[in-house]
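Asks: Below is the file my_file11.pdb, which contains PDB, C-alpha atoms, pLDDT in the B column.
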ATOM      1  CA  MET A   1     -30.649  -4.238   3.886  1.00 56.00           C
ATOM      2  CA  THR A   2     -30.760  -5.462   0.309  1.00 60.00           C
ATOM      3  CA  ALA A   3     -31.215  -3.078  -2.608  1.00 65.00           C
ATOM      4  CA  SER A   4     -34.158  -3.707  -4.933  1.00 70.00           C
ATOM      5  CA  ASN A   5     -34.802  -3.009  -8.602  1.00 69.00           C
ATOM      6  CA  ILE A   6     -31.224  -3.764  -9.612  1.00 65.00           C
ATOM      7  CA  VAL A   7     -29.904  -6.155 -12.252  1.00 64.00           C
ATOM      8  CA  TRP A   8     -26.348  -7.483 -12.508  1.00 64.00           C
ATOM      9  CA  HIS A   9     -24.614  -6.142 -15.620  1.00 68.00           C
ATOM     10  CA  ALA A  10     -22.165  -8.660 -17.047  1.00 73.00           C
ATOM     11  CA  SER A  11     -18.833  -7.347 -18.306  1.00 77.00           C
ATOM     12  CA  ALA A  12     -17.481  -8.439 -21.676  1.00 75.00           C
ATOM     13  CA  VAL A  13     -13.968  -8.446 -20.202  1.00 78.00           C
ATOM     14  CA  THR A  14     -13.737 -11.330 -17.733  1.00 81.00           C
ATOM     15  CA  LYS A  15     -11.520 -12.103 -14.762  1.00 83.00           C
ATOM     16  CA  GLN A  16      -9.763 -14.682 -16.904  1.00 84.00           C
ATOM     17  CA  THR A  17      -8.951 -12.013 -19.503  1.00 86.00           C
ATOM     18  CA  ARG A  18      -7.652  -9.609 -16.874  1.00 86.00           C
ATOM     19  CA  SER A  19      -5.573 -12.335 -15.240  1.00 84.00           C
ATOM     20  CA  ALA A  20      -4.088 -13.270 -18.597  1.00 84.00           C
ATOM     21  CA  LEU A  21      -3.203  -9.648 -19.290  1.00 82.00           C
ATOM     22  CA  ASN A  22      -1.540  -9.440 -15.868  1.00 83.00           C
ATOM     23  CA  LYS A  23       0.159 -12.788 -16.480  1.00 87.00           C
ATOM     24  CA  GLN A  24      -0.706 -14.031 -13.020  1.00 92.00           C
ATOM     25  CA  LYS A  25      -3.232 -15.934 -10.950  1.00 93.00           C
ATOM     26  CA  PRO A  26      -5.236 -13.662  -8.609  1.00 95.00           C
ATOM     27  CA  CYS A  27      -5.932 -14.524  -4.993  1.00 95.00           C
ATOM     28  CA  VAL A  28      -6.589 -13.074  -1.545  1.00 97.00           C
ATOM     29  CA  LEU A  29      -3.868 -13.374   1.084  1.00 98.00           C
ATOM     30  CA  TRP A  30      -5.833 -12.777   4.286  1.00 97.00           C
ATOM     31  CA  PHE A  31      -3.592 -12.004   7.276  1.00 97.00           C
ATOM     32  CA  THR A  32      -5.457 -12.416  10.580  1.00 96.00           C
ATOM     33  CA  GLY A  33      -4.339 -12.232  14.203  1.00 96.00           C
ATOM     34  CA  TYR A  34      -4.076 -10.034  17.263  1.00 95.00           C
ATOM     35  CA  SER A  35      -3.018  -6.403  17.135  1.00 92.00           C
ATOM     36  CA  GLY A  36       0.778  -6.455  17.192  1.00 93.00           C
ATOM     37  CA  ALA A  37       1.030  -9.971  15.757  1.00 95.00           C
ATOM     38  CA  GLY A  38       2.861  -8.738  12.663  1.00 95.00           C
ATOM     39  CA  LYS A  39       0.053  -8.722  10.097  1.00 95.00           C
ATOM     40  CA  SER A  40       0.909  -5.407   8.439  1.00 93.00           C
ATOM     41  CA  THR A  41       4.661  -5.964   8.702  1.00 95.00           C
ATOM     42  CA  ILE A  42       4.576  -9.357   7.008  1.00 97.00           C
ATOM     43  CA  ALA A  43       1.938  -8.333   4.465  1.00 97.00           C
ATOM     44  CA  ASN A  44       4.104  -5.363   3.467  1.00 96.00           C
ATOM     45  CA  ALA A  45       7.194  -7.541   3.178  1.00 97.00           C
ATOM     46  CA  VAL A  46       5.334 -10.142   1.107  1.00 97.00           C
ATOM     47  CA  GLU A  47       3.985  -7.441  -1.195  1.00 97.00           C
ATOM     48  CA  GLN A  48       7.493  -6.078  -1.716  1.00 97.00           C
ATOM     49  CA  ARG A  49       8.724  -9.518  -2.729  1.00 96.00           C
ATOM     50  CA  LEU A  50       5.762 -10.060  -5.033  1.00 96.00           C
ATOM     51  CA  ALA A  51       6.447  -6.706  -6.687  1.00 95.00           C
ATOM     52  CA  SER A  52      10.063  -7.737  -7.237  1.00 94.00           C
ATOM     53  CA  LEU A  53       8.687 -10.854  -8.967  1.00 94.00           C
ATOM     54  CA  GLN A  54       6.637  -8.641 -11.317  1.00 94.00           C
ATOM     55  CA  GLN A  55       3.316  -9.523  -9.679  1.00 95.00           C
ATOM     56  CA  HIS A  56       0.469  -6.993  -9.621  1.00 95.00           C
ATOM     57  CA  THR A  57      -0.698  -6.507  -6.033  1.00 96.00           C
ATOM     58  CA  TYR A  58      -2.635  -4.275  -3.671  1.00 94.00           C
ATOM     59  CA  LEU A  59      -2.442  -4.180   0.118  1.00 94.00           C
ATOM     60  CA  LEU A  60      -5.562  -3.465   2.169  1.00 92.00           C
ATOM     61  CA  ASP A  61      -4.521  -2.512   5.705  1.00 81.00           C
ATOM     62  CA  GLY A  62      -6.965  -2.323   8.604  1.00 66.00           C
ATOM     63  CA  ASP A  63      -5.978   1.119   9.881  1.00 69.00           C
ATOM     64  CA  ASN A  64      -5.653   2.594   6.392  1.00 74.00           C
ATOM     65  CA  VAL A  65      -9.121   1.471   5.329  1.00 68.00           C
ATOM     66  CA  ARG A  66     -10.611   3.016   8.466  1.00 71.00           C
ATOM     67  CA  HIS A  67      -9.252   6.391   7.314  1.00 73.00           C
ATOM     68  CA  GLY A  68     -11.576   6.286   4.301  1.00 72.00           C
ATOM     69  CA  LEU A  69     -13.994   3.570   3.230  1.00 70.00           C
ATOM     70  CA  ASN A  70     -14.743   2.419   6.780  1.00 76.00           C
ATOM     71  CA  LYS A  71     -14.205   5.637   8.738  1.00 81.00           C
ATOM     72  CA  ASP A  72     -17.851   5.546   9.829  1.00 78.00           C
ATOM     73  CA  LEU A  73     -17.421   2.256  11.715  1.00 79.00           C
ATOM     74  CA  GLY A  74     -16.547   1.718  15.357  1.00 76.00           C
ATOM     75  CA  PHE A  75     -15.233  -1.384  17.106  1.00 78.00           C
ATOM     76  CA  THR A  76     -18.319  -3.123  18.434  1.00 79.00           C
ATOM     77  CA  ASP A  77     -18.817  -6.698  17.267  1.00 79.00           C
ATOM     78  CA  GLU A  78     -21.439  -5.476  14.807  1.00 86.00           C
ATOM     79  CA  ALA A  79     -19.106  -2.798  13.413  1.00 82.00           C
ATOM     80  CA  ARG A  80     -16.249  -5.280  13.090  1.00 80.00           C
ATOM     81  CA  ILE A  81     -18.505  -7.625  11.132  1.00 85.00           C
ATOM     82  CA  GLU A  82     -19.498  -4.822   8.759  1.00 87.00           C
ATOM     83  CA  ASN A  83     -15.853  -3.774   8.458  1.00 83.00           C
ATOM     84  CA  ILE A  84     -14.901  -7.239   7.236  1.00 86.00           C
ATOM     85  CA  ARG A  85     -17.959  -7.519   4.983  1.00 87.00           C
ATOM     86  CA  ARG A  86     -16.947  -4.351   3.148  1.00 88.00           C
ATOM     87  CA  ILE A  87     -13.310  -5.395   2.886  1.00 89.00           C
ATOM     88  CA  GLY A  88     -14.365  -8.797   1.603  1.00 92.00           C
ATOM     89  CA  GLU A  89     -16.332  -7.170  -1.193  1.00 92.00           C
ATOM     90  CA  VAL A  90     -13.366  -4.921  -2.051  1.00 92.00           C
ATOM     91  CA  ALA A  91     -11.022  -7.919  -2.061  1.00 93.00           C
ATOM     92  CA  LYS A  92     -13.415  -9.744  -4.387  1.00 95.00           C
ATOM     93  CA  LEU A  93     -13.257  -6.815  -6.814  1.00 93.00           C
ATOM     94  CA  PHE A  94      -9.459  -6.886  -6.791  1.00 94.00           C
ATOM     95  CA  VAL A  95      -9.456 -10.609  -7.507  1.00 95.00           C
ATOM     96  CA  ASP A  96     -11.907 -10.006 -10.358  1.00 93.00           C
ATOM     97  CA  ALA A  97      -9.420  -7.439 -11.669  1.00 93.00           C
ATOM     98  CA  GLY A  98      -6.749 -10.140 -11.780  1.00 94.00           C
ATOM     99  CA  ILE A  99      -4.816  -8.761  -8.803  1.00 95.00           C
ATOM    100  CA  ILE A 100      -3.177 -10.468  -5.838  1.00 96.00           C
ATOM    101  CA  VAL A 101      -4.703  -8.665  -2.870  1.00 96.00           C
ATOM    102  CA  LEU A 102      -3.182  -8.755   0.601  1.00 97.00           C
ATOM    103  CA  SER A 103      -5.543  -7.977   3.487  1.00 94.00           C
ATOM    104  CA  ALA A 104      -4.172  -7.268   6.974  1.00 93.00           C
ATOM    105  CA  PHE A 105      -7.050  -7.197   9.472  1.00 90.00           C
ATOM    106  CA  ILE A 106      -7.533  -8.575  12.968  1.00 91.00           C
ATOM    107  CA  SER A 107     -10.796 -10.029  11.599  1.00 91.00           C
ATOM    108  CA  PRO A 108     -11.550 -11.768  14.901  1.00 90.00           C
ATOM    109  CA  PHE A 109     -14.529 -13.898  13.917  1.00 90.00           C
ATOM    110  CA  ARG A 110     -14.396 -17.157  11.950  1.00 94.00           C
ATOM    111  CA  ALA A 111     -17.809 -16.609  10.379  1.00 93.00           C
ATOM    112  CA  GLU A 112     -16.728 -13.349   8.741  1.00 92.00           C
ATOM    113  CA  ARG A 113     -13.484 -14.823   7.435  1.00 94.00           C
ATOM    114  CA  GLN A 114     -15.483 -17.728   6.032  1.00 95.00           C
ATOM    115  CA  MET A 115     -17.871 -15.236   4.442  1.00 93.00           C
ATOM    116  CA  VAL A 116     -14.953 -13.623   2.585  1.00 94.00           C
ATOM    117  CA  ARG A 117     -13.639 -17.037   1.554  1.00 96.00           C
ATOM    118  CA  GLU A 118     -17.006 -17.807  -0.029  1.00 96.00           C
ATOM    119  CA  LEU A 119     -16.996 -14.548  -2.009  1.00 95.00           C
ATOM    120  CA  VAL A 120     -14.200 -15.810  -4.256  1.00 95.00           C
ATOM    121  CA  GLU A 121     -13.595 -19.058  -6.099  1.00 94.00           C
ATOM    122  CA  GLU A 122     -12.229 -22.141  -4.384  1.00 94.00           C
ATOM    123  CA  GLY A 123      -8.496 -21.829  -3.848  1.00 94.00           C
ATOM    124  CA  GLU A 124      -8.468 -18.042  -4.209  1.00 96.00           C
ATOM    125  CA  PHE A 125      -8.682 -17.312  -0.460  1.00 97.00           C
ATOM    126  CA  ILE A 126      -5.489 -18.020   1.458  1.00 97.00           C
ATOM    127  CA  GLU A 127      -5.819 -17.544   5.206  1.00 98.00           C
ATOM    128  CA  VAL A 128      -2.541 -16.561   6.858  1.00 98.00           C
ATOM    129  CA  PHE A 129      -2.853 -16.952  10.626  1.00 98.00           C
ATOM    130  CA  MET A 130      -0.429 -14.775  12.563  1.00 97.00           C
ATOM    131  CA  ASP A 131      -0.181 -17.126  15.542  1.00 97.00           C
ATOM    132  CA  THR A 132       1.938 -14.761  17.620  1.00 96.00           C
ATOM    133  CA  PRO A 133       1.056 -15.240  21.329  1.00 95.00           C
ATOM    134  CA  LEU A 134      -1.096 -12.557  22.905  1.00 94.00           C
ATOM    135  CA  ALA A 135       1.557 -12.005  25.584  1.00 94.00           C
ATOM    136  CA  THR A 136       4.113 -11.150  22.899  1.00 96.00           C
ATOM    137  CA  CYS A 137       1.690  -8.815  21.121  1.00 94.00           C
ATOM    138  CA  GLU A 138       0.900  -7.060  24.377  1.00 94.00           C
ATOM    139  CA  GLN A 139       4.579  -6.735  25.243  1.00 94.00           C
ATOM    140  CA  ARG A 140       5.269  -5.170  21.854  1.00 93.00           C
ATOM    141  CA  ASP A 141       2.210  -2.893  21.969  1.00 88.00           C
ATOM    142  CA  PRO A 142       3.485  -0.845  18.969  1.00 83.00           C
ATOM    143  CA  LYS A 143       0.542   1.572  19.079  1.00 86.00           C
ATOM    144  CA  GLY A 144       0.106   1.703  22.854  1.00 90.00           C
ATOM    145  CA  LEU A 145      -3.357   0.198  22.510  1.00 90.00           C
ATOM    146  CA  TYR A 146      -3.012  -2.657  24.983  1.00 91.00           C
ATOM    147  CA  VAL A 147      -2.034  -0.239  27.754  1.00 92.00           C
ATOM    148  CA  LYS A 148      -5.124   1.843  27.011  1.00 92.00           C
ATOM    149  CA  ALA A 149      -7.327  -1.263  26.814  1.00 90.00           C
ATOM    150  CA  ARG A 150      -6.039  -2.560  30.152  1.00 92.00           C
ATOM    151  CA  ALA A 151      -6.753   0.861  31.646  1.00 91.00           C
ATOM    152  CA  GLY A 152     -10.314   0.765  30.321  1.00 90.00           C
ATOM    153  CA  GLU A 153      -9.700   3.656  27.931  1.00 92.00           C
ATOM    154  CA  ILE A 154     -10.477   1.483  24.883  1.00 87.00           C
ATOM    155  CA  LYS A 155     -13.492  -0.803  24.845  1.00 87.00           C
ATOM    156  CA  ASN A 156     -14.064  -3.915  22.703  1.00 84.00           C
ATOM    157  CA  PHE A 157     -10.337  -4.512  22.224  1.00 88.00           C
ATOM    158  CA  THR A 158      -9.529  -7.926  20.766  1.00 89.00           C
ATOM    159  CA  GLY A 159      -7.778 -10.186  23.241  1.00 87.00           C
ATOM    160  CA  ILE A 160      -8.685  -8.030  26.240  1.00 91.00           C
ATOM    161  CA  ASP A 161     -12.457  -7.579  26.384  1.00 86.00           C
ATOM    162  CA  SER A 162     -13.400  -8.848  22.915  1.00 86.00           C
ATOM    163  CA  ASP A 163     -12.886 -12.396  21.651  1.00 89.00           C
ATOM    164  CA  TYR A 164     -10.567 -13.593  18.906  1.00 93.00           C
ATOM    165  CA  GLU A 165     -11.487 -16.867  17.205  1.00 95.00           C
ATOM    166  CA  PRO A 166      -8.317 -18.416  15.749  1.00 96.00           C
ATOM    167  CA  PRO A 167      -8.557 -20.188  12.391  1.00 96.00           C
ATOM    168  CA  ILE A 168      -9.193 -23.908  12.608  1.00 95.00           C
ATOM    169  CA  ASN A 169      -7.404 -24.896   9.402  1.00 96.00           C
ATOM    170  CA  PRO A 170      -5.489 -21.929   7.940  1.00 97.00           C
ATOM    171  CA  GLU A 171      -3.493 -22.365   4.748  1.00 98.00           C
ATOM    172  CA  VAL A 172      -0.443 -20.733   6.364  1.00 98.00           C
ATOM    173  CA  THR A 173       0.526 -20.266  10.033  1.00 98.00           C
ATOM    174  CA  LEU A 174       3.233 -17.821  11.127  1.00 98.00           C
ATOM    175  CA  ASP A 175       4.567 -16.803  14.537  1.00 97.00           C
ATOM    176  CA  THR A 176       6.649 -13.637  14.548  1.00 96.00           C
ATOM    177  CA  SER A 177       7.772 -14.323  18.128  1.00 95.00           C
ATOM    178  CA  SER A 178       9.973 -17.115  16.782  1.00 96.00           C
ATOM    179  CA  MET A 179      10.228 -16.449  13.026  1.00 97.00           C
ATOM    180  CA  SER A 180      12.061 -13.624  11.273  1.00 97.00           C
ATOM    181  CA  ILE A 181      10.390 -11.442   8.667  1.00 97.00           C
ATOM    182  CA  ASP A 182      12.367 -13.164   5.918  1.00 97.00           C
ATOM    183  CA  GLU A 183      11.371 -16.611   7.182  1.00 97.00           C
ATOM    184  CA  CYS A 184       7.706 -15.607   7.207  1.00 97.00           C
ATOM    185  CA  VAL A 185       7.911 -14.189   3.695  1.00 97.00           C
ATOM    186  CA  GLU A 186       9.550 -17.334   2.352  1.00 96.00           C
ATOM    187  CA  ILE A 187       6.851 -19.537   3.897  1.00 97.00           C
ATOM    188  CA  VAL A 188       4.111 -17.459   2.268  1.00 97.00           C
ATOM    189  CA  LEU A 189       5.844 -17.432  -1.123  1.00 97.00           C
ATOM    190  CA  ALA A 190       6.490 -21.174  -0.929  1.00 95.00           C
ATOM    191  CA  HIS A 191       2.782 -21.737  -0.329  1.00 96.00           C
ATOM    192  CA  LEU A 192       1.902 -19.515  -3.295  1.00 96.00           C
ATOM    193  CA  ALA A 193       4.279 -21.587  -5.410  1.00 95.00           C
ATOM    194  CA  ASN A 194       2.703 -24.841  -4.187  1.00 94.00           C
ATOM    195  CA  VAL A 195      -0.834 -23.713  -5.092  1.00 94.00           C
ATOM    196  CA  GLY A 196       0.128 -22.407  -8.528  1.00 92.00           C
ATOM    197  CA  VAL A 197       0.000 -18.648  -7.857  1.00 94.00           C
ATOM    198  CA  LEU A 198       3.783 -18.430  -8.318  1.00 92.00           C
ATOM    199  CA  PRO A 199       4.474 -21.550 -10.386  1.00 87.00           C
ATOM    200  CA  GLU A 200       7.999 -20.474 -11.357  1.00 83.00           C
ATOM    201  CA  TYR A 201       9.096 -19.378  -7.892  1.00 80.00           C
ATOM    202  CA  SER A 202      11.800 -21.214  -6.033  1.00 75.00           C
ATOM    203  CA  ALA A 203      13.452 -20.139  -2.799  1.00 67.00           C
ATOM    204  CA  ALA A 204      16.909 -18.637  -3.121  1.00 57.00           C
TER     205      ALA A 204
END
Transcribe the structure of this file into structure tokens.
Replies:
Amino acid sequence: MTASNIVWHASAVTKQTRSALNKQKPCVLWFTGYSGAGKSTIANAVEQRLASLQQHTYLLDGDNVRHGLNKDLGFTDEARIENIRRIGEVAKLFVDAGIIVLSAFISPFRAERQMVRELVEEGEFIEVFMDTPLATCEQRDPKGLYVKARAGEIKNFTGIDSDYEPPINPEVTLDTSSMSIDECVEIVLAHLANVGVLPEYSAA
């Protein structure tokens, strides 16, 4: 549903002004993958490193957002699509504020991830594919969700009875079954350096 009788009000303070004040280049780091793939863990570790580099950030975590903004949504395909639509709009606002926003969501469908990519300017959406094998994620099962899904206690669970569409050409690919947290963080930061988000960064 689209609202009517509304007019966009332009702000005198632009994204470029806010970015200059923050002394950084804003972007969206979009972590996607199965539950248990390491999205939140790596996003948290990357944010900590960015903070140590004096970068202004904000982390949007899937579970945390469902405690507030998206607490009215379930886990059907339609609800998942709306979940990502809302988060995409929030991420866009953070980028407009000159912030580096990290988003950790299963976000199982390519179309919705592409939708978020198109909300921001070219180069501002960085897809980080947590390519941790499903078997590893299920073995970890940090929240006990796979056991419940296998028992039929949870419906529409990604990887069990709901599809996950892996990225075709992600900017960054990580696999926490074979990479350490530090290795993953360094790969993400190196990419940010290569694309000009962290132009002065060099690995230790």
Asks: With a distance cut-off of 8 Å and only C-alpha atoms, select the neighbouring residues of range 35-37 of chain A, excluding the residue or stretch itself and same-chain residues fewer than 6 positions from it, and output the selection as number ranges by chain.
Replies: A: 106, 130-134, 136-138, 140-142, 158, 175-176
Asks: Go through A:Tyr34, A:Tyr201, A:Phe75, A:Tyr164 one by one, measure the shortest atom-to-atom distance of each to Ala111 in chain A using only C-alpha atoms, and give the residue with the smallest value.
Replies: A:Tyr164
Asks: Let me make sure I understand: among A:Ser162, A:Ser180, A:Val13, A:Phe94, which one has the smallest atom-to-atom distance to Arg80 in chain A if we use all atoms listed in the file?
Replies: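 So, comparing all the options, the nearest one is A:Ser162.
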Asks: Enter the distance from CA of Glu127 in chain A to CA of Trp30 in chain A, in Å, rounded to one decimal.
Replies: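 CA of Trp30 in chain A lies 4.9 Å from CA of Glu127 in chain A.
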Asks: Edge lengths and centre, in Å to one decimal, as JSON: that's what I need for the box along x, y and z that holds all listed atoms of range 175-184 of chain A plus 3 Å on each side.
Replies:
{"center_x": 8.5, "center_y": -14.3, "center_z": 12.0, "size_x": 13.8, "size_y": 11.7, "size_z": 18.2}
Asks: What lies within 12 Å of Leu69 in chain A using all atoms listed in the file, ignoring chain neighbours under 5 positions off, as a ChimeraX atom specification?
Replies: /A:60-64,82-87,89-90
Asks: For a quick check of understanding, using all atoms listed in the file, which of A:Val172, A:Glu121, A:Glu112, A:Arg150 has the smallest distance to His191 in chain A?
Replies: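 Nearest to His191 in chain A: A:Val172.
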Asks: Work out how far CA of Cys27 in chain A is from CA of Val197 in chain A, in Å to one decimal.
Replies: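 Answer for the CA of Val197 in chain A to CA of Cys27 in chain A separation: 7.8 Å.
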Asks: Report, in Å to a single decimal, how far apart CA of Glu171 in chain A and CA of Asn44 in chain A are.
Replies: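 Interatomic distance, CA of Asn44 in chain A to CA of Glu171 in chain A: 18.7 Å.
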Asks: I'd like the contact shell of Phe31 in chain A - 10 Å cut-off, all atoms listed in the file, skipping same-chain residues fewer than 5 positions apart - returned as a list in words.
Replies: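 Counting all atoms listed in the file, the residues come to Ala37, Gly38, Lys39, Ser40, Ile42, Ala43, Asp61, Leu102, Ser103, Ala104, Phe105, Ile106, Ser107, Ile126, Glu127, Val128, Phe129, Met130, Val172, Thr173 and Leu174 of chain A.
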Asks: Give as an MDAnalysis selection string the set of residues within 12 Å of the point (4.8, -19.5, -0.6), where distances use the file's coordinates and only C-alpha atoms.
Replies: chainID A and resid 29 46 49:50 126 128 171:174 182:203
Asks: Calculated over all atoms listed in the file, which of the candidates A:Leu145, A:Pro170, A:Glu153, A:Val28 has the smallest distance to Leu119 in chain A?
Replies: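 So, comparing all the options, the nearest one is A:Val28.
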Asks: Pull the neighbourhood of (2.8, -13.4, -16.3) for me: all residues within 10 Å in file coordinates, counting all atoms listed in the file, as a list in words.
Replies: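 Checked against the point, the hits come out as Ser19, Ala20, Leu21, Asn22, Lys23, Gln24, Lys25, Leu53, Gln54, Gln55, His56 and Leu198 of chain A.
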Asks: Limited to C-alpha atoms, could you put the picked residues into a file as a compact mmCIF listing (two decimals), keeping the file's coordinate frame?
Replies:
# COMPACT_ATOMS: atom_id res chain seq x y z
CA SER A 19 -5.57 -12.34 -15.24
CA ALA A 20 -4.09 -13.27 -18.60
CA LEU A 21 -3.20 -9.65 -19.29
CA ASN A 22 -1.54 -9.44 -15.87
CA LYS A 23 0.16 -12.79 -16.48
CA GLN A 24 -0.71 -14.03 -13.02
CA LYS A 25 -3.23 -15.93 -10.95
CA LEU A 53 8.69 -10.85 -8.97
CA GLN A 54 6.64 -8.64 -11.32
CA GLN A 55 3.32 -9.52 -9.68
CA HIS A 56 0.47 -6.99 -9.62
CA LEU A 198 3.78 -18.43 -8.32
Asks: Which residue, A:Thr41, A:Arg113, A:Gln16, A:Lys143, has the smallest gap to Val95 in chain A when you use all atoms listed in the file?
Replies: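 Among the listed residues, the smallest separation from Val95 in chain A belongs to A:Gln16.
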Asks: So, counting only C-alpha atoms, which residue among A:Ala97, A:Ala135, A:Ile168, A:Ala45 is closest to Thr14 in chain A?
Replies: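 Checking each of A:Ala97, A:Ala135, A:Ile168, A:Ala45 against Thr14 in chain A, counting only C-alpha atoms, the winner is A:Ala97.
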Asks: Would you kindly return, as a list of chain:residue names, each protein, DNA or RNA residue with an atom no farther than 7 Å from any atom of Thr57 in chain A, considering only C-alpha atoms and excluding same-chain residues fewer than 6 positions away?
Replies: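 Counting only C-alpha atoms, the residues come to A:Glu47, A:Ile99, A:Ile100, A:Val101.
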